[in-house]
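Engineer: Can you read through this structure? Questions will come right after.
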Amino acid sequence: RRTALRAAAALPAAGLIASPRIARAAEFDWKYGHNLPVTHPLHIRAQEAVERIARETNGRVDIKIFPNNQLGGDTDMLSQVRSGGITFFTPSALVIATLVPVAAINAVGFVFSDYGQVWKAMDGGVGAAVRQAISRVNLFAFEKMWDNGFRQMTTSGRAITDATGMDGLKIRVPVSPLSISMFRGLGAAPASLQFSEVYSALQTRIVDAQENPLPIIQVAKLYEVQKSCALSNHIWDGYWFIANGRSWRGLPADLQRVVSNAINEAGLKQRDDIAGLNATVQTDLESKGLSFNRTNPESFRARLRDSGFYGEWKTRFGEEAWGLLEGAVGRLA
Ligand code: X2X
């Protein structure tokens, strides 16, 4: 096979003999793209998972990771995973919602008060409903969602302490209808940009603010181009680990089991990593010059209620999905 010859030719000419395993091309030679720097726990745990998969399938499944938007931004990777140009992608719930609207349900403002509620919903009925909706667009979603985190707001100027700080604020949000709707409801002037564009958009002052969980602010070095961080916890966001439907169905059941176990178990470890980071990341960011303040969450919630945000999204998600969410977090306004 040509690939085998190429692999053999690529070996150093130091008299090394190719083992059959190295020389043989993988039966399932797949690409996985994501949008985060290699220092983020999502990348580190995914790397471990693909190594485990190669080992446990004796090289039959070979997944190469393309981190940090190397294959394009979120929108590009989403269309590539649909067409099969890449086999795996980890979109945030906010982003896959451009294709599967109900996927944004975990990102409704201020619905989760802690991780207990988050995993109860996402490992339970809410997550199952979203995965089913994802399967209807011919994608496969692995069972365990990976953590992005509770989103916080950063600005280049004045600190945000309550909802009045949102007035007219030029804030970058992900490419997601829910984010735009929520920040308009809060009184801000949101702009959708892919994550690949965020650092430079802040640096060149195309926008004055952005919102992301602290571990992202840390690994993407957003503290270099922002001054203060308001602890708002306004959205809990996670990543769905998804696969192209046709590729996934073409994988024999025993290999599917190996891949699922490796990815889901890596996801659980990644959740723990983020929990660990959450305990230390603020101090680290403070030492790098970002200042922090608390916020008054009730003032944000009141604006969202008054602007009709909750009513609108309850209708858009439908009674059934909304009911599942309320089953995990209690009755919502
Ligand atoms: O784009 C973002 O802000 C990020 C990194 O949180 C997502 O992937 C949604």
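Note on naming: chains are A, B, ... as they come in the structure tokens, residues start from 1 per chain, ligands start from 1 in the order shown.
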Taking a cut-off of 12 Å and counting only C-alpha atoms, can you build a table that, for each residue of region 225-306 of chain A near region 154-165 of chain A, reports the nearest atom pair and how far apart they are in Å (one decimal), sorted by chain then residue number, as CSV?

Structural biologist:
residue,atom,partner,partner_atom,distance
A:Val225,CA,A:Ser156,CA,6.9
A:Gln226,CA,A:Ser156,CA,4.4
A:Lys227,CA,A:Ser156,CA,4.8
A:Ser228,CA,A:Thr154,CA,5.5
A:Cys229,CA,A:Thr154,CA,4.2
A:Ala230,CA,A:Ile160,CA,5.7
A:Leu231,CA,A:Thr161,CA,8.7
A:Ser232,CA,A:Thr161,CA,8.7
A:Asn233,CA,A:Thr154,CA,11.8
A:His234,CA,A:Ala163,CA,11.5
A:Leu285,CA,A:Thr154,CA,11.8
A:Gly289,CA,A:Ser156,CA,11.9
A:Leu290,CA,A:Thr154,CA,8.9
A:Ser291,CA,A:Ala159,CA,8.7
A:Phe292,CA,A:Ala159,CA,8.3
A:Asn293,CA,A:Thr161,CA,7.0
A:Arg294,CA,A:Thr161,CA,6.5
A:Thr295,CA,A:Thr161,CA,4.5
A:Asn296,CA,A:Asp162,CA,5.2
A:Pro297,CA,A:Asp162,CA,7.2
A:Glu298,CA,A:Asp162,CA,8.5
A:Ser299,CA,A:Ala163,CA,5.4
A:Phe300,CA,A:Ala163,CA,5.0
A:Arg301,CA,A:Ala163,CA,8.6
A:Ala302,CA,A:Ala163,CA,8.7
A:Arg303,CA,A:Ala163,CA,7.3
A:Leu304,CA,A:Ala163,CA,9.8

Engineer: Excluding Ala191 (chain A) and any residue of its chain fewer than 5 positions from it, enumerate the residues within 9 Å of it, using only C-alpha atoms, and give them as a list in words.

Structural biologist: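 My reading of the contact set: Lys170, Ile171, Arg172, Val173, Pro174, Val175, Ile180 and Val207 of chain A.
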
Engineer: Please dump the current selection as a short mmCIF file (atom, residue, chain, number, x, y, z; two decimals), in the first residue's frame; keep N, CA, C and O atoms.

Structural biologist:
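So part.cif came out as:
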data_model
loop_
_atom_site.label_atom_id
_atom_site.label_comp_id
_atom_site.auth_asym_id
_atom_site.auth_seq_id
_atom_site.Cartn_x
_atom_site.Cartn_y
_atom_site.Cartn_z
N LYS A 170 -19.81 46.86 24.17
CA LYS A 170 -19.43 46.11 22.96
C LYS A 170 -18.72 44.84 23.40
O LYS A 170 -17.53 44.85 23.73
N ILE A 171 -19.46 43.75 23.41
CA ILE A 171 -18.92 42.50 23.95
C ILE A 171 -18.94 41.41 22.90
O ILE A 171 -19.94 41.23 22.19
N ARG A 172 -17.81 40.71 22.79
CA ARG A 172 -17.77 39.56 21.88
C ARG A 172 -18.48 38.38 22.52
O ARG A 172 -18.27 38.09 23.70
N VAL A 173 -19.31 37.71 21.74
CA VAL A 173 -19.92 36.46 22.19
C VAL A 173 -19.67 35.41 21.11
O VAL A 173 -19.37 35.76 19.96
N PRO A 174 -19.77 34.12 21.45
CA PRO A 174 -19.61 33.08 20.42
C PRO A 174 -20.68 33.21 19.33
O PRO A 174 -21.68 33.89 19.51
N VAL A 175 -20.44 32.52 18.22
CA VAL A 175 -21.40 32.52 17.12
C VAL A 175 -22.58 31.64 17.54
O VAL A 175 -22.55 30.42 17.37
N ILE A 180 -26.37 35.99 21.56
CA ILE A 180 -26.78 37.30 21.06
C ILE A 180 -28.06 37.75 21.76
O ILE A 180 -28.16 38.87 22.27
N VAL A 207 -13.84 45.05 19.85
CA VAL A 207 -14.78 44.92 20.96
C VAL A 207 -14.05 45.28 22.25
O VAL A 207 -12.82 45.24 22.31
#

Engineer: So which one's closest to ligand 1, A:Trp322, A:Phe150, A:Tyr223, A:Trp248? Using only C-alpha atoms and all ligand atoms, please.

Structural biologist: A:Phe150

Engineer: If the limit is 7 Å from any atom of ligand 1, counting only C-alpha atoms and all ligand atoms, which residues qualify? Return them as a ChimeraX atom specification.

Structural biologist: /A:35-36,91-92,94-95,148,173-174,194-195,211-213,216

Engineer: For the selection you just gave me, I'd like the residues written to a file as a JSON list (two decimals), in the first residue's frame, keeping N, CA and C atoms.

Structural biologist:
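New file part-v6.json:
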[["chain", "number", "residue", "atom", "x", "y", "z"],
["A", 35, "ASN", "N", -10.94, 23.95, 19.09],
["A", 35, "ASN", "CA", -10.63, 25.39, 19.02],
["A", 35, "ASN", "C", -9.74, 25.90, 20.15],
["A", 36, "LEU", "N", -9.14, 25.00, 20.93],
["A", 36, "LEU", "CA", -8.44, 25.46, 22.14],
["A", 36, "LEU", "C", -6.92, 25.26, 22.06],
["A", 91, "PRO", "N", -17.52, 21.00, 19.62],
["A", 91, "PRO", "CA", -18.12, 22.33, 19.69],
["A", 91, "PRO", "C", -18.70, 22.58, 21.08],
["A", 92, "SER", "N", -18.64, 23.81, 21.51],
["A", 92, "SER", "CA", -19.39, 24.19, 22.70],
["A", 92, "SER", "C", -20.88, 24.03, 22.39],
["A", 94, "LEU", "N", -23.06, 26.11, 22.86],
["A", 94, "LEU", "CA", -23.52, 27.35, 22.22],
["A", 94, "LEU", "C", -23.36, 27.28, 20.72],
["A", 95, "VAL", "N", -22.26, 26.67, 20.29],
["A", 95, "VAL", "CA", -21.91, 26.66, 18.87],
["A", 95, "VAL", "C", -22.68, 25.59, 18.10],
["A", 148, "ASN", "N", -16.56, 23.18, 29.84],
["A", 148, "ASN", "CA", -15.91, 24.46, 29.50],
["A", 148, "ASN", "C", -15.90, 25.26, 30.80],
["A", 173, "VAL", "N", -19.31, 37.71, 21.74],
["A", 173, "VAL", "CA", -19.92, 36.46, 22.19],
["A", 173, "VAL", "C", -19.67, 35.41, 21.11],
["A", 174, "PRO", "N", -19.77, 34.12, 21.45],
["A", 174, "PRO", "CA", -19.61, 33.08, 20.42],
["A", 174, "PRO", "C", -20.68, 33.21, 19.33],
["A", 194, "GLN", "N", -15.98, 34.14, 16.00],
["A", 194, "GLN", "CA", -15.44, 32.82, 16.33],
["A", 194, "GLN", "C", -14.31, 32.99, 17.34],
["A", 195, "PHE", "N", -14.05, 31.94, 18.10],
["A", 195, "PHE", "CA", -13.03, 32.03, 19.14],
["A", 195, "PHE", "C", -11.66, 32.36, 18.54],
["A", 211, "GLU", "N", -16.66, 37.19, 27.11],
["A", 211, "GLU", "CA", -17.07, 36.38, 28.26],
["A", 211, "GLU", "C", -16.67, 34.94, 28.00],
["A", 212, "ASN", "N", -16.01, 34.35, 29.00],
["A", 212, "ASN", "CA", -15.51, 32.97, 28.91],
["A", 212, "ASN", "C", -15.20, 32.47, 30.31],
["A", 213, "PRO", "N", -15.16, 31.15, 30.49],
["A", 213, "PRO", "CA", -14.73, 30.61, 31.78],
["A", 213, "PRO", "C", -13.26, 30.97, 32.05],
["A", 216, "ILE", "N", -10.25, 29.29, 30.19],
["A", 216, "ILE", "CA", -10.05, 29.75, 28.81],
["A", 216, "ILE", "C", -9.32, 31.09, 28.79]]

Engineer: Skipping near chain neighbours, those fewer than 5 positions away, what residues fall within 8 Å of Ala103 (chain A) using only C-alpha atoms, listed as a list in words?

Structural biologist: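 Contacts, in chain order: Ala93, Leu94, Ile96, Ala97, Val130, Ala133 and Ile134 of chain A.
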
Engineer: Could the residues in this selection be written to a file with N, CA and C atoms, as a compact mmCIF listing (two decimals), in the first residue's frame?

Structural biologist:
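Wrote it out as out37.txt, contents follow:
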# COMPACT_ATOMS: atom_id res chain seq x y z
N ALA A 93 -21.65 23.82 23.43
CA ALA A 93 -23.11 23.72 23.28
C ALA A 93 -23.66 24.95 22.56
N LEU A 94 -23.06 26.11 22.86
CA LEU A 94 -23.52 27.35 22.22
C LEU A 94 -23.36 27.28 20.72
N ILE A 96 -22.79 24.39 18.66
CA ILE A 96 -23.52 23.34 17.93
C ILE A 96 -25.01 23.71 17.85
N ALA A 97 -25.42 24.64 18.71
CA ALA A 97 -26.83 25.09 18.69
C ALA A 97 -27.18 25.82 17.40
N VAL A 130 -30.60 16.27 24.25
CA VAL A 130 -29.71 16.98 23.32
C VAL A 130 -28.99 16.00 22.42
N ALA A 133 -31.20 14.87 19.70
CA ALA A 133 -31.37 15.91 18.67
C ALA A 133 -30.11 15.98 17.78
N ILE A 134 -28.94 15.80 18.38
CA ILE A 134 -27.70 15.82 17.60
C ILE A 134 -27.68 14.65 16.61

Engineer: Measuring atom to atom with only C-alpha atoms, identify which of A:Ser181, A:Asn244, A:Ser200, A:Ser113 is nearest to Thr87 (chain A).

Structural biologist: A:Asn244

Engineer: Between CA of Asp273 (chain A) and CA of Asp208 (chain A), what is the distance in Å, rounded to a tenth?

Structural biologist: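 That distance, rounded to one decimal, is 29.7 Å.
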
Engineer: Just the strand (DSSP E) stuff from region 178-297 of chain A, please, per backbone DSSP, written as a ChimeraX atom specification.

Structural biologist: /A:189-192,209-212,228-231,236-239,242-244,291-294

Engineer: Check the smallest atom-to-atom distance from each of A:Val61, A:Val108, A:Val38, A:Met145 to Met122 (chain A) using only C-alpha atoms, then report the winner.

Structural biologist: A:Met145

Engineer: Enumerate as an NGL selection string all residues of region 121-193 of chain A assigned to helix (DSSP H, G or I) by DSSP on the backbone, naming them with the chain letters and numbers the document uses.

Structural biologist: :A and (121-122 or 125-135 or 163-166 or 177-185)

Engineer: Which residues are near region 277-284 of chain A? Cut-off 8 Å, only C-alpha atoms, ignore same chain within fewer than 5 positions. Put them as a list in words.

Structural biologist: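 Selected residues are Leu214, Pro215 and Gln218 of chain A.
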
Engineer: Could you state the separation of CA of Arg136 (chain A) and CA of Asn106 (chain A) in Å, given to one decimal place?

Structural biologist: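 According to the coordinates, CA of Arg136 (chain A) and CA of Asn106 (chain A) are separated by 19.0 Å.
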
Engineer: State, in Å with one decimal place, the distance from CA of Thr39 (chain A) to CA of Asn69 (chain A).

Structural biologist: 13.8 Å

Engineer: Point out the residue among A:Ile105, A:Ala253, A:Ala220, A:Met182 with the least atom-to-atom distance to Thr315 (chain A), counting only C-alpha atoms.

Structural biologist: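 Closest residue, counting only C-alpha atoms: A:Ile105.
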
Engineer: Which residue gives the smallest distance to Ser135 (chain A) among A:Arg271, A:Arg246, A:Arg205, A:His43, with only C-alpha atoms counted?

Structural biologist: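 Counting only C-alpha atoms, the residue closest to Ser135 (chain A) is A:Arg246.
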
Engineer: Find, counting only C-alpha atoms, the residue in A:Gly238, A:Gly109, A:Gly250, A:Gly276 that gets nearest to Tyr310 (chain A).

Structural biologist: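 Looking at the shortest contact to Tyr310 (chain A), the residue is A:Gly109.
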